[in-house]
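Novice: Structure file my_file.cif, mmCIF, C-alpha atoms, is pasted below:
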```
data_data
loop_
_atom_site.label_atom_id
_atom_site.label_comp_id
_atom_site.auth_asym_id
_atom_site.auth_seq_id
_atom_site.Cartn_x
_atom_site.Cartn_y
_atom_site.Cartn_z
CA MET U 645 108.44 86.62 133.61
CA VAL U 646 110.58 85.30 136.48
CA GLU U 647 109.06 83.26 139.29
CA LEU U 648 110.69 84.38 142.55
CA ASP U 649 109.16 81.48 144.47
CA ASN U 650 110.10 78.75 141.98
CA ALA U 651 111.36 75.83 144.08
CA ASN U 652 113.31 74.18 141.26
CA ILE U 653 115.10 76.95 139.36
CA THR U 654 117.11 79.78 140.87
CA VAL U 655 116.26 83.38 139.98
CA LYS U 656 119.74 83.73 138.52
CA ARG U 657 119.20 80.82 136.11
CA GLN U 658 115.72 81.98 135.15
CA ALA U 659 117.10 85.44 134.35
CA GLU U 660 119.90 83.93 132.27
CA LEU U 661 117.58 81.66 130.32
CA LEU U 662 115.19 84.53 129.64
CA SER U 663 118.01 86.99 128.80
CA VAL U 664 116.99 89.56 131.40
CA ASN U 665 119.03 91.47 133.96
CA ARG U 666 118.71 89.74 137.33
CA THR U 667 118.54 93.06 139.20
CA SER U 668 115.49 94.06 137.21
CA VAL U 669 113.67 91.00 138.51
CA TYR U 670 113.31 92.59 141.94
CA ARG U 671 112.05 95.97 140.72
CA PRO U 672 108.30 96.48 140.97
CA THR U 673 106.54 96.79 137.62
CA LYS U 674 103.35 98.49 136.64
CA GLU U 675 102.19 95.61 134.52
CA GLN U 676 101.92 92.39 136.48
CA ARG U 677 100.16 90.31 133.88
CA GLU U 678 102.45 87.93 131.99
CA SER U 679 102.59 87.99 128.21
CA GLU U 680 101.91 84.80 126.29
CA GLU U 681 105.58 84.67 125.25
CA ASN U 682 106.78 84.86 128.85
CA VAL U 683 104.37 82.14 129.90
CA ARG U 684 105.58 79.96 127.03
CA LEU U 685 109.20 80.46 128.05
CA MET U 686 108.51 79.63 131.68
CA HIS U 687 106.69 76.46 130.66
CA ARG U 688 109.71 75.50 128.54
CA ILE U 689 112.06 75.99 131.51
CA ASP U 690 109.85 73.77 133.66
CA GLU U 691 109.85 71.07 130.99
CA ILE U 692 113.66 71.07 130.77
CA TYR U 693 114.21 70.60 134.49
CA MET U 694 111.49 68.01 134.92
CA LYS U 695 113.10 65.97 132.15
CA HIS U 696 116.69 66.35 133.42
CA PRO U 697 116.75 66.26 137.25
CA TYR U 698 119.75 66.08 139.55
CA LEU U 699 120.97 62.46 139.41
CA LEU U 700 123.81 62.48 141.93
CA ARG U 701 121.87 62.64 145.18
CA GLY U 702 122.87 59.56 147.19
CA LEU U 703 125.04 58.23 144.35
CA THR U 704 128.36 56.61 145.29
CA ILE U 705 130.98 57.80 142.81
CA ASP U 706 133.53 54.99 142.79
CA ARG U 707 135.11 54.86 139.34
CA PRO U 708 136.54 57.11 136.64
CA ASN U 709 134.24 58.22 133.81
CA GLN U 710 131.20 57.57 135.96
CA VAL U 711 130.43 61.28 136.40
CA TRP U 712 131.92 64.27 134.62
CA GLY U 713 131.21 67.80 135.80
CA ILE U 714 131.17 70.74 133.42
CA ASP U 715 131.00 74.47 133.93
CA ILE U 716 132.04 77.85 132.53
CA THR U 717 133.94 80.59 134.29
CA TYR U 718 135.16 84.11 133.48
CA LEU U 719 138.93 84.76 133.37
CA ARG U 720 140.27 88.29 133.40
CA MET U 721 143.32 89.49 131.46
CA GLY U 722 145.25 92.73 131.33
CA LYS U 723 143.51 93.39 128.02
CA GLY U 724 139.98 92.05 128.22
CA PHE U 725 138.73 88.67 129.36
CA MET U 726 137.97 85.15 128.15
CA TYR U 727 135.65 82.32 129.12
CA LEU U 728 136.89 78.90 130.18
CA PHE U 729 134.79 75.77 129.66
CA LEU U 730 135.97 72.82 131.75
CA ILE U 731 135.30 69.08 131.89
CA ILE U 732 136.46 67.32 135.06
CA ASP U 733 136.19 63.68 136.13
CA TRP U 734 134.60 63.73 139.56
CA TYR U 735 136.16 60.50 140.82
CA SER U 736 139.80 61.32 140.05
CA ARG U 737 139.58 65.14 139.83
CA LYS U 738 141.35 64.88 136.48
CA VAL U 739 140.73 67.68 133.99
CA ILE U 740 139.47 65.73 130.99
CA ASP U 741 139.51 68.69 128.59
CA TYR U 742 138.91 72.42 128.39
CA GLU U 743 138.39 75.19 125.88
CA LEU U 744 138.85 78.97 125.94
CA SER U 745 136.71 81.46 124.04
CA SER U 746 136.34 85.22 123.79
CA THR U 747 132.54 84.84 123.51
CA LEU U 748 129.83 82.74 125.09
CA GLU U 749 128.70 81.23 121.80
CA LYS U 750 127.85 77.56 122.32
CA GLY U 751 130.22 76.38 119.59
CA PHE U 752 133.31 76.24 121.80
CA ILE U 753 131.50 74.05 124.32
CA LEU U 754 130.28 71.57 121.72
CA LYS U 755 133.75 71.47 120.14
CA CYS U 756 135.35 70.59 123.47
CA LEU U 757 132.75 67.95 124.31
CA LYS U 758 133.09 66.22 120.95
CA ARG U 759 136.87 66.18 121.29
CA ALA U 760 136.60 64.63 124.76
CA PHE U 761 134.02 62.05 123.63
CA SER U 762 136.39 60.89 120.88
CA ARG U 763 138.65 59.57 123.67
CA CYS U 764 136.20 58.45 126.36
CA LYS U 765 132.72 59.15 127.71
CA PRO U 766 131.06 59.48 131.10
CA GLU U 767 127.96 57.66 132.22
CA ILE U 768 126.52 60.90 133.65
CA MET U 769 127.22 64.56 132.79
CA ASN U 770 126.48 67.00 135.60
CA SER U 771 126.02 70.72 135.01
CA ASP U 772 124.24 73.76 136.33
CA GLN U 773 121.04 75.12 134.79
CA GLY U 774 122.74 77.57 132.43
CA SER U 775 121.44 78.16 128.92
CA HIS U 776 124.50 76.46 127.39
CA PHE U 777 123.44 73.21 129.07
CA THR U 778 119.74 73.41 128.29
CA ASN U 779 119.96 74.18 124.58
CA SER U 780 118.91 71.50 122.11
CA ASP U 781 122.35 71.04 120.50
CA TYR U 782 123.94 70.13 123.84
CA LEU U 783 121.11 67.84 124.94
CA GLU U 784 120.95 66.10 121.57
CA LEU U 785 124.72 65.50 121.60
CA LEU U 786 124.56 63.80 124.99
CA GLU U 787 121.55 61.76 123.97
CA LYS U 788 123.36 60.64 120.82
CA GLU U 789 126.36 59.55 122.91
CA GLY U 790 124.16 57.68 125.40
CA ILE U 791 125.09 59.96 128.32
CA LYS U 792 122.64 60.73 131.12
CA VAL U 793 122.01 64.41 131.84
CA SER U 794 122.09 65.66 135.44
CA MET U 795 121.29 69.26 136.39
CA GLU U 796 121.82 70.95 139.73
CA GLY U 797 118.89 71.78 141.95
CA LYS U 798 118.10 75.12 143.53
CA GLY U 799 120.08 76.00 146.63
CA ARG U 800 122.53 73.09 146.35
CA ALA U 801 125.89 74.85 146.36
CA THR U 802 127.74 71.54 146.65
CA ASP U 803 126.19 69.98 143.54
CA ASN U 804 129.11 71.01 141.33
CA SER U 805 131.64 71.59 144.11
CA ARG U 806 134.53 69.68 142.54
CA THR U 807 134.40 71.73 139.37
CA GLU U 808 134.05 74.96 141.35
CA ARG U 809 137.00 73.95 143.54
CA PHE U 810 139.20 73.62 140.45
CA PHE U 811 138.16 77.08 139.24
CA ARG U 812 139.05 78.54 142.62
CA SER U 813 142.48 76.87 142.63
CA LEU U 814 143.15 77.97 139.06
CA LYS U 815 142.33 81.59 139.78
CA TYR U 816 144.28 81.89 143.02
CA GLU U 817 147.27 79.77 141.99
CA CYS U 818 147.57 80.93 138.38
CA ILE U 819 145.35 83.72 137.06
CA TYR U 820 145.55 86.32 139.85
CA ILE U 821 149.28 86.02 140.44
CA ASN U 822 150.27 86.16 136.77
CA GLU U 823 147.88 88.79 135.36
CA PHE U 824 148.12 87.50 131.78
CA GLU U 825 147.97 90.36 129.29
CA ASP U 826 146.41 88.75 126.22
CA PRO U 827 144.76 85.54 124.96
CA ARG U 828 148.03 83.97 123.85
CA ALA U 829 149.61 84.40 127.28
CA LEU U 830 146.43 83.18 128.98
CA ARG U 831 146.26 80.05 126.83
CA GLN U 832 149.88 79.22 127.62
CA GLY U 833 149.32 79.81 131.32
CA ILE U 834 146.19 77.63 131.42
CA ALA U 835 147.97 74.82 129.57
CA ARG U 836 150.85 74.87 132.08
CA TYR U 837 148.51 74.92 135.06
CA VAL U 838 146.29 72.08 133.82
CA GLN U 839 149.37 69.94 133.22
CA PHE U 840 150.64 70.77 136.72
CA TYR U 841 147.23 70.11 138.29
CA ASN U 842 146.75 66.78 136.52
CA GLU U 843 150.27 65.39 136.72
CA GLU U 844 152.07 66.99 139.68
CA ARG U 845 149.64 68.40 142.24
CA PRO U 846 148.86 65.86 145.01
CA HIS U 847 145.31 65.69 146.31
CA GLN U 848 144.51 64.81 149.89
CA SER U 849 141.17 63.31 148.86
CA LEU U 850 143.09 60.90 146.57
CA GLY U 851 145.53 59.80 149.26
CA GLU U 852 148.09 62.34 147.97
CA ALA U 853 147.95 60.80 144.49
CA ARG U 854 147.94 62.94 141.35
CA PRO U 855 144.71 63.04 139.31
CA VAL U 856 146.21 61.48 136.17
CA GLN U 857 147.90 58.78 138.24
CA PHE U 858 144.67 58.02 140.10
CA TYR U 859 142.55 58.11 136.92
CA ASP U 860 144.86 55.90 134.85
CA HIS U 861 145.36 53.35 137.62
CA ASN U 862 141.63 52.87 138.08
CA VAL U 863 140.86 52.83 134.36
CA ASN U 864 143.45 50.09 133.91
CA GLN U 865 142.00 48.12 136.82
CA ILE U 866 138.53 48.26 135.27
CA ALA U 867 139.92 47.21 131.89
CA SER U 868 141.69 44.22 133.38
#
```
Can the structure in the file be given as structure tokens, please?

Specialist:
Amino acid sequence: MVELDNANITVKRQAELLSVNRTSVYRPTKEQRESEENVRLMHRIDEIYMKHPYLLRGLTIDRPNQVWGIDITYLRMGKGFMYLFLIIDWYSRKVIDYELSSTLEKGFILKCLKRAFSRCKPEIMNSDQGSHFTNSDYLELLEKEGIKVSMEGKGRATDNSRTERFFRSLKYECIYINEFEDPRALRQGIARYVQFYNEERPHQSLGEARPVQFYDHNVNQIAS
């Protein structure tokens, strides 16, 4: 079912796409012969990643809305947990939009993307190889909007580093120190942090500018 020596897709992503427990992948099985369904699924995975390779290798990112990065992370609460979907502009580090959900249904991701696209669009959308970013609804939406799809390659931890860096900052500067009890408190806390991050937090990589300041200045320069 899962190819341990696949050079293009990590075991973790194969397990997620096939809805199997990753730990079970490493257990020896009595039956080594693949079923026709498993073979079909593996062929489908190969087709997806051959069609949507990683597009950022060697690319100079020098303007806003050139590349957006997207990802999902798990946020704990005192009573349960929620999932955060994030869109970040790689050039300016600005959080373009986000959405919280108590489930991993794809609807909250599509809702957030459509809302963001109503304001502006990237040339390239970069994501990992998760099932939310390989399903037909997501791919068809980006195709409709004329956006190129880029997917991370195996073993490239830096492919989505800017998005991951935001998640790390959010968790250590907001989530872990506040221990929000419920969804309402979490939503309020996330909203405050995103506003702080975008409008007040200086970034060394931006010459100590704030993401919104850096984003808006460059967008206006391009427009003029």

Novice: Quick one: residues within 12 Å of U:Ser780, all atoms listed in the file, excluding same-chain residues fewer than 4 positions away - as a PyMOL selection string?

Specialist: chain U and resi 688+692+750+754+775-776+784-788

Novice: Residues proximal to (149.4, 64.8, 139.6) were defined as those with any atom within 8 Å of that point in the file's coordinates, counting only C-alpha atoms. Which are they, as a list in words?

Specialist: Phe840, Tyr841, Asn842, Glu843, Glu844, Arg845, Pro846, His847, Ala853, Arg854, Pro855, Val856 and Gln857 of chain U

Novice: Using all atoms listed in the file, pick whichever of U:Ile819, U:Met721, U:Ile731, U:Ile716 has the shortest atom-to-atom distance to U:Asp772.

Specialist: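 Distance minimum relative to U:Asp772 lands on U:Ile716.
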
Novice: Rank U:Arg701, U:Met694, U:Arg720, U:Gln710 by their smallest atom-to-atom distance to U:Glu825, using all atoms listed in the file, and report the top residue only.

Specialist: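 With all atoms listed in the file as the atom set, the closest residue is U:Arg720.
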
Novice: Since I can't run it myself right now, could you work out what the PyMOL selection byres ((chain U and resi 790-797) around 6) selects here and report it as a PDB file with C-alpha atoms, keeping the file's coordinate frame?

Specialist:
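Now in part_16.pdb:
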```pdb
ATOM      1  CA  HIS U 696     116.690  66.350 133.420  1.00  0.00           C
ATOM      2  CA  PRO U 697     116.750  66.260 137.250  1.00  0.00           C
ATOM      3  CA  TYR U 698     119.750  66.080 139.550  1.00  0.00           C
ATOM      4  CA  LEU U 699     120.970  62.460 139.410  1.00  0.00           C
ATOM      5  CA  GLU U 767     127.960  57.660 132.220  1.00  0.00           C
ATOM      6  CA  ILE U 768     126.520  60.900 133.650  1.00  0.00           C
ATOM      7  CA  MET U 769     127.220  64.560 132.790  1.00  0.00           C
ATOM      8  CA  ASN U 770     126.480  67.000 135.600  1.00  0.00           C
ATOM      9  CA  SER U 771     126.020  70.720 135.010  1.00  0.00           C
ATOM     10  CA  ASP U 772     124.240  73.760 136.330  1.00  0.00           C
ATOM     11  CA  LEU U 786     124.560  63.800 124.990  1.00  0.00           C
ATOM     12  CA  GLU U 787     121.550  61.760 123.970  1.00  0.00           C
ATOM     13  CA  LYS U 788     123.360  60.640 120.820  1.00  0.00           C
ATOM     14  CA  GLU U 789     126.360  59.550 122.910  1.00  0.00           C
ATOM     15  CA  LYS U 798     118.100  75.120 143.530  1.00  0.00           C
ATOM     16  CA  ARG U 800     122.530  73.090 146.350  1.00  0.00           C
ATOM     17  CA  ASP U 803     126.190  69.980 143.540  1.00  0.00           C
TER      18      ASP U 803
END
```

Novice: Pick out the residues sitting within 8 Å of U:Ile732, and hand them over as a CSV table (one decimal) with C-alpha atoms, keeping the file's coordinate frame; count only C-alpha atoms, and ignore anything fewer than 2 positions along from it in its own chain.

Specialist:
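See around-v6.csv below for the written result:
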```
chain,number,residue,atom,x,y,z
U,712,TRP,CA,131.9,64.3,134.6
U,713,GLY,CA,131.2,67.8,135.8
U,714,ILE,CA,131.2,70.7,133.4
U,730,LEU,CA,136.0,72.8,131.8
U,734,TRP,CA,134.6,63.7,139.6
U,737,ARG,CA,139.6,65.1,139.8
U,738,LYS,CA,141.4,64.9,136.5
U,739,VAL,CA,140.7,67.7,134.0
U,740,ILE,CA,139.5,65.7,131.0
U,741,ASP,CA,139.5,68.7,128.6
U,807,THR,CA,134.4,71.7,139.4
```

Novice: My structure is short of atoms at stretch 719-737 of chain U; please model N, CA and C atoms there, returning them as an mmCIF file, keeping the file's coordinate frame.

Specialist:
```cif
data_model
loop_
_atom_site.group_PDB
_atom_site.id
_atom_site.type_symbol
_atom_site.label_atom_id
_atom_site.label_comp_id
_atom_site.auth_asym_id
_atom_site.auth_seq_id
_atom_site.Cartn_x
_atom_site.Cartn_y
_atom_site.Cartn_z
ATOM 1 N N LEU U 719 137.529 84.533 133.020
ATOM 2 C CA LEU U 719 138.930 84.760 133.370
ATOM 3 C C LEU U 719 139.363 86.136 132.869
ATOM 4 N N ARG U 720 139.842 86.946 133.768
ATOM 5 C CA ARG U 720 140.270 88.290 133.400
ATOM 6 C C ARG U 720 141.688 88.274 132.839
ATOM 7 N N MET U 721 141.974 89.273 131.996
ATOM 8 C CA MET U 721 143.320 89.490 131.460
ATOM 9 C C MET U 721 143.644 90.970 131.608
ATOM 10 N N GLY U 722 144.878 91.318 131.326
ATOM 11 C CA GLY U 722 145.250 92.730 131.330
ATOM 12 C C GLY U 722 144.493 93.487 130.252
ATOM 13 N N LYS U 723 144.244 92.799 129.136
ATOM 14 C CA LYS U 723 143.510 93.390 128.020
ATOM 15 C C LYS U 723 142.276 92.545 127.721
ATOM 16 N N GLY U 724 141.228 92.758 128.463
ATOM 17 C CA GLY U 724 139.980 92.050 128.220
ATOM 18 C C GLY U 724 139.776 90.848 129.111
ATOM 19 N N PHE U 725 139.057 89.861 128.585
ATOM 20 C CA PHE U 725 138.730 88.670 129.360
ATOM 21 C C PHE U 725 138.408 87.544 128.385
ATOM 22 N N MET U 726 138.374 86.314 128.926
ATOM 23 C CA MET U 726 137.970 85.150 128.150
ATOM 24 C C MET U 726 137.121 84.247 129.045
ATOM 25 N N TYR U 727 136.449 83.295 128.404
ATOM 26 C CA TYR U 727 135.650 82.320 129.120
ATOM 27 C C TYR U 727 136.304 80.952 129.022
ATOM 28 N N LEU U 728 136.321 80.235 130.137
ATOM 29 C CA LEU U 728 136.890 78.900 130.180
ATOM 30 C C LEU U 728 135.784 77.879 130.406
ATOM 31 N N PHE U 729 135.694 76.910 129.505
ATOM 32 C CA PHE U 729 134.790 75.770 129.660
ATOM 33 C C PHE U 729 135.630 74.584 130.111
ATOM 34 N N LEU U 730 135.182 73.887 131.146
ATOM 35 C CA LEU U 730 135.970 72.820 131.750
ATOM 36 C C LEU U 730 135.172 71.536 131.879
ATOM 37 N N ILE U 731 135.861 70.412 131.638
ATOM 38 C CA ILE U 731 135.300 69.080 131.890
ATOM 39 C C ILE U 731 136.213 68.408 132.910
ATOM 40 N N ILE U 732 135.658 67.961 134.029
ATOM 41 C CA ILE U 732 136.460 67.320 135.060
ATOM 42 C C ILE U 732 135.820 66.004 135.487
ATOM 43 N N ASP U 733 136.661 64.980 135.651
ATOM 44 C CA ASP U 733 136.190 63.680 136.130
ATOM 45 C C ASP U 733 136.052 63.762 137.641
ATOM 46 N N TRP U 734 134.854 63.528 138.131
ATOM 47 C CA TRP U 734 134.600 63.730 139.560
ATOM 48 C C TRP U 734 135.329 62.722 140.447
ATOM 49 N N TYR U 735 135.520 61.515 139.984
ATOM 50 C CA TYR U 735 136.160 60.500 140.820
ATOM 51 C C TYR U 735 137.638 60.809 141.042
ATOM 52 N N SER U 736 138.351 61.122 139.979
ATOM 53 C CA SER U 736 139.800 61.320 140.050
ATOM 54 C C SER U 736 140.220 62.778 140.138
ATOM 55 N N ARG U 737 139.290 63.695 139.908
ATOM 56 C CA ARG U 737 139.580 65.140 139.830
ATOM 57 C C ARG U 737 140.416 65.504 138.602
#
```
